[in-house]
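J.: Got a structure for you, questions after.
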Amino acid sequence: MTRIVQNTDAATVIATLRQADGYYVTNTARDLSQADFKNRILLHTDLMAAKGREAAGYFSLEITGGASVHVDMLRKQVDPFLKLELLRKAMPKTMFQTLCRGTNLFGYRPYPQNVIRLTVREFAKYVDVWRTFDFLNHVPNMQAVFEEVALAGKINEPSICFSTGPEHTNAYYVGKVGEILAVTGSDVILCIKNHGGLGTPQRIGELVDALKQTYPDLVIHYHGHNTDGNEIGRIVEAVLHGAKIVDASDHALTGFYGPPPVLTVIQTLNGYGKTAVGMSEEAVIETSDTIRDQRRYYAQFEAQIKGFQPTVQIHKLPGGAMGSSLEQADKGGFLDRMPDILHKELPRVQKDLGNYWSVTPGSQILWTTAVSNVLDGERYANPSGDLKNLLLGKYGPFPFYKPADWIYKKAFGPDWKKILEAEEGMPGIEDVDLDQERAALTEKLGMEPTEQQLVLYLQHPNDAVDFFKFEENFGKAYVLPPAIFFREGSFALGEKLTFKDHFGKEHVVEIGPTQKTELGETNVYLNVDHDQRLYLFEPELQAGIQAEVKLTKEEIAALATEGDVRAPFAGTICDVSVEIGDEVGVGDQLAVIEAMKMQTPILSEVAGVVNAVSAKIGTMLQAGDRIFKIDRFED
Amino acid sequence: MKKRILVANRGEIAIRLIRAIQELDYEAIAVYETPDRNSRHLRIADEAIWIGDGPRKDYLDVEKIIGTALRSNVCAIHPGYGFLAENPDLARACENAGLIFIGPPSKVIENLGSKVMARRIMAEAGIAMVPGTENLPSGEQGLQVAMEFVARYGFPIMLKATSGGGGRGIRRIENEHELREQYPIARAEAKAAFNDDSVYLEKVVVNPRHVEVQILADRAGNTVHLGTRDCSIQRRNQKLVEIAPAFQISEELREEISQTAVKAAKASGYFNAGTVEFLLDSDNNYYFMEINTRLQVEHTVTEMVTGIDIVRSQIRLAMGHNLHVRQEEIRTRGHAIEMRINAEDPQNNFMPEGGKTISVYRSPGGYGVRLDGFCYQGFTIPEVYDSLLVKLTVFGWSWEETVDRLRRCLTNYVITGPKTTIPFYLNLVNDPDFQQGVFDTSYLETHEHLFEYKEDNSEINKLARLIAEIHNRGENRYAK
């Protein structure tokens, strides 16, 4: 029994897996980065690990997809395609795996069909295994991806999202798998996606067993998280009942909410007489020895609260959302309310909203709703735009039951029935005009974009353009190690930084003195390859110059009725719908504000003329910051 | 006590002169106006004398210069280029005051300084010239003469101020309407700029190359040439890049032009160093243009390929020595290119960057590299003078080698603070036409892509900019 190498055709891979005596391991490095390091593990570190991971003999390396495509551009300043290209060069044998959110691709909202297909086609040039899921387990939401993956000759790995509760029976999941296989055919890998690490080992064993009873030929890839510290137990039960692939990652980086360590999985299953096919324990150890040193530079991205969270079985937040939720609570100053939110309100909200699967983007809806329910002191008083869309069935039908009427009434007001009647159901999303999008991007870049650039732009228009501009200004910054890229505080005078650039050329940058000019500009001197260079920085606007006045929710609402439009909560403006001089009526959309990936439209409370616009796309606002001033029409 | 020579100039050329003067074991006496009080030439000179607040007027004040020279007991004055270099009044004042003027006699400067006189001398010597007129009469009568000239040679024509020079006081006329419009304006401007309203006409040689010959002559009547230079790469008649020898033409033609230059110099009774300028058309016809009666900015390229120190020669000749080399001993080998690195923004119509402070100055070196400059880290460029910072001159055995060396030097040159012409020159050395030596005076107009560049856009500078930003903020805001 040997490992499966990249470039083997899909049918042969599936056949090999069916016949395997033992199990395979996927290194979910991307998932680990997302769950335990807010997605910040840099390509630099992945490239350091490449040699060891290649030698380790994984079934696949899950290294793209999820939120990483977005964060690669937004926070890591690396081209998600270039990342795959460079890793492919360093790891010719290992298959690459992605996590695709079906119709939501690598984002948070449904994309048009032609965007989905173009995106899959471009990524399929690098990605061999496509794990695809939908947070409502609504199979039609995944169909376009299935089709394109098959067309590209790559391996489809459709998922059933897993959760616990009275509705989550074996019968349900067996039926759901049948629904999937009817669409994909049987030459696929089926993923049990246990993103929260829910259920006991025994429950997982039962589920795998039930699936194997019904579909004896089915290749099962079990995926889970170690949030409660018991993932090894679930993996063992999954493998003992017939799962052929399991997920784990390098122990140098494993934390509390992501995958468990590969080595522990292998050693534990050895005790049960189960062999990890093609795996080299030495290479697994060597990988961690190589990158262990890097972990300290990522400390700022590890969770605020350390330790396993066995209460995940109650609140069901997926690994990827744990870190960011705790960070939000810390920044928002409501860490002390977390027990209420996590252990009381979240389970209630989940039941209220149909006990669907807490995974992107559904998990964000559950979380923001629970937070606002607790912090506002009134449940469902401030429904987000995305919650409304969920209630209207815009993401897909509720899997088990619809929320109660009173929630609809809270969200849509007394006319909720009319609104529901008029708007319920999944919208047909029209294809975008790709030529027009390409022309728009050409104008923004000042040059013809590549097909890859277009794909990135179609995912996240504003952030992709910002990233392309970053690269133009600062070059290919992935070459910088986390010690530089994630530096906290200034460097020391005389500190020498050495690195190789994208073209393989080695450089040394020595930190020189910094001086302030009379005008408040800062001169930073660096010795760049032994030549002194000067970098000038304009004085920065001091934060907090505006007197900080905290407005209450009531005050913000009262101001809005006077045309003084303020941010209702902290977030980032992701769309501005009006300009100065525009006439607006009551209920017209003025802007869209985004927080925790959830978008909420800001509507005008008055009829009048827009007199001032204080924010633009990308502006980060605190609650109470002014966005618009609207001069009301005389009554 | 050592003999002393006064340097009646500023900037890089003052330093060039001081070096030669000190090598010959004279003391070099510098003069300066207030805006130049931090200029490097003051520190290198043996003595520096303040002559006024300027700007420019004190450097141009013959009486002041002579008075200062007499008070400081110098035996000679070197005028450099520009300012008083081609003003016969300074040469004459020196002659009257018993001072040695390092340059030709005042009479020669005067004759050759008048374009019309110069043309007359050359015509008598049988030297080919671009067809032209004598000084035009003023008013309608002048226009009548002009139209007769046009009837014979056609448009375009050049309308030139008789006392102009260095690219100033020249305008190109395409048709009769322009001629009528420009004629009175040209006279008025010539009067204002040169205190002489005489103007004359010349036929335009379309897209010529600019070829010139360096001359040295002693009082005994020995006149030698140091070969040719090509100065075709110009911007509005201001030279930017100079090359020795003018290598795109045959050796025979170079020799013929050089001999003609010697003949022209002799015809004018020339003494000391000078430059005879020719226009060369696309059929290799060459026309005498003028003789510059001074040291040229671009003399360095000739020094590189001949090994002869022109400034040292000038001083020795002025001191009464005869030429130290005979024509047959003078050999030209290899190629030299000079680029004038100016504090200007080529992308903004070469707008001068005066007033800015040089925060970093790092120059290249190595084999075949020569720098003639005067700025230093921390130097604030005065706004009231020209914007030349440093002349980069490189030597190489072949043209290709020379261009390669130039590229290396430009790449390694770091000047921050003011914008400079360096990135523009980098584009130029990477231009295939320049690399193949294909250029004439229309080069800049026909190669607009030379202006398309970004200030230091190397990968490492981009990354270093990010590091500087992280360092400055104490965090990477692109990672938050």
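Labeling convention for the structure tokens: chains A, B, ... as they appear, residues from 1 per chain, ligands from 1 in order of appearance.
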Find the spatial neighbours of Ser60 in chain A, counting only C-alpha atoms, within a cut-off of 7 Å - ignore same-chain residues fewer than 4 positions away - and output them as a compact mmCIF listing (two decimals) with N, CA and C atoms, in the first residue's frame.

T.:
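The file below, part_17.txt, is the result:
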```txt
# COMPACT_ATOMS: atom_id res chain seq x y z
N THR A 26 -5.40 13.70 5.77
CA THR A 26 -5.30 15.02 5.14
C THR A 26 -4.75 15.99 6.17
N ASN A 27 -3.73 16.77 5.74
CA ASN A 27 -3.22 17.81 6.62
C ASN A 27 -4.03 19.08 6.38
N THR A 94 2.07 15.97 -3.56
CA THR A 94 0.93 16.02 -2.66
C THR A 94 -0.28 16.69 -3.34
N MET A 95 -1.44 16.05 -3.21
CA MET A 95 -2.66 16.67 -3.74
C MET A 95 -3.04 17.86 -2.87
N PHE A 96 -3.59 18.90 -3.49
CA PHE A 96 -4.07 20.07 -2.75
C PHE A 96 -5.58 20.00 -2.64
N GLN A 97 -6.06 20.42 -1.49
CA GLN A 97 -7.49 20.35 -1.22
C GLN A 97 -8.02 21.74 -0.85
```

J.: Identify all chain B residues at most 9 Å from chain A by counting only C-alpha atoms; ligands do not count. Present them as a PyMOL selection string.

T.: chain B and resi 359-362+412+414-417+457-480

J.: Need the shell around Val219 in chain A: protein/DNA/RNA residues with any atom at most 7 Å away, counting only C-alpha atoms. Skip same-chain ones fewer than 3 positions apart. Format as a PyMOL selection string?

T.: chain A and resi 17-18+189-190+243-244

J.: Those selected residues, please, written with N, CA and C atoms and delivered as a PDB file, in the first residue's frame.

T.:
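The file below, selection09.pdb, is the result:
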```
ATOM      1  N   LEU A  17      -8.769   4.243  -2.804  1.00  0.00           N
ATOM      2  CA  LEU A  17      -9.288   4.498  -1.454  1.00  0.00           C
ATOM      3  C   LEU A  17     -10.240   3.384  -1.018  1.00  0.00           C
ATOM      4  N   ARG A  18     -11.093   2.930  -1.961  1.00  0.00           N
ATOM      5  CA  ARG A  18     -12.070   1.877  -1.620  1.00  0.00           C
ATOM      6  C   ARG A  18     -11.378   0.611  -1.161  1.00  0.00           C
ATOM      7  N   ILE A 189     -15.791  11.308  -2.936  1.00  0.00           N
ATOM      8  CA  ILE A 189     -15.501  11.091  -1.525  1.00  0.00           C
ATOM      9  C   ILE A 189     -16.588  11.834  -0.762  1.00  0.00           C
ATOM     10  N   LEU A 190     -17.128  11.224   0.271  1.00  0.00           N
ATOM     11  CA  LEU A 190     -18.159  11.894   1.051  1.00  0.00           C
ATOM     12  C   LEU A 190     -17.526  12.405   2.336  1.00  0.00           C
ATOM     13  N   ALA A 243     -14.250   4.878   7.986  1.00  0.00           N
ATOM     14  CA  ALA A 243     -13.811   6.113   7.309  1.00  0.00           C
ATOM     15  C   ALA A 243     -12.424   5.862   6.741  1.00  0.00           C
ATOM     16  N   LYS A 244     -12.158   6.375   5.512  1.00  0.00           N
ATOM     17  CA  LYS A 244     -10.893   6.088   4.845  1.00  0.00           C
ATOM     18  C   LYS A 244      -9.903   7.252   4.913  1.00  0.00           C
TER      19      LYS A 244
END
```

J.: Taking 6 positions as the minimum chain separation for residues in the same chain, which residues sit within 7 Å of range 120-123 of chain A when counting only C-alpha atoms? Answer as a list in words.

T.: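 What passes the distance filter is Val145, Glu148, Val149, Ala152 and Gln452 of chain A.
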
J.: Residues of range 123-187 of chain A in alpha helix (DSSP H) according to DSSP, as a PyMOL selection string?

T.: chain A and resi 123+143-151+170-184

J.: Go ahead and write the selection's residues with C-alpha atoms as a compact mmCIF listing (two decimals), in the first residue's frame.

T.:
```txt
# COMPACT_ATOMS: atom_id res chain seq x y z
CA PHE A 123 -8.77 27.18 -8.96
CA GLN A 143 -24.50 21.65 -7.88
CA ALA A 144 -22.60 24.16 -10.03
CA VAL A 145 -19.39 23.44 -8.13
CA PHE A 146 -19.89 19.66 -8.48
CA GLU A 147 -20.32 20.02 -12.22
CA GLU A 148 -17.28 22.21 -12.79
CA VAL A 149 -15.04 20.04 -10.61
CA ALA A 150 -16.08 16.96 -12.58
CA LEU A 151 -15.51 18.80 -15.87
CA ASN A 170 -28.82 8.74 11.08
CA ALA A 171 -31.90 8.45 8.89
CA TYR A 172 -31.69 12.12 8.02
CA TYR A 173 -28.00 11.95 7.08
CA VAL A 174 -28.33 8.69 5.17
CA GLY A 175 -31.12 10.28 3.16
CA LYS A 176 -29.07 13.43 2.57
CA VAL A 177 -26.12 11.37 1.27
CA GLY A 178 -28.50 9.61 -1.12
CA GLU A 179 -29.65 13.01 -2.36
CA ILE A 180 -26.04 14.04 -2.94
CA LEU A 181 -24.96 10.84 -4.69
CA ALA A 182 -27.96 11.13 -6.99
CA VAL A 183 -26.40 14.35 -8.25
CA THR A 184 -22.68 13.56 -8.15
```
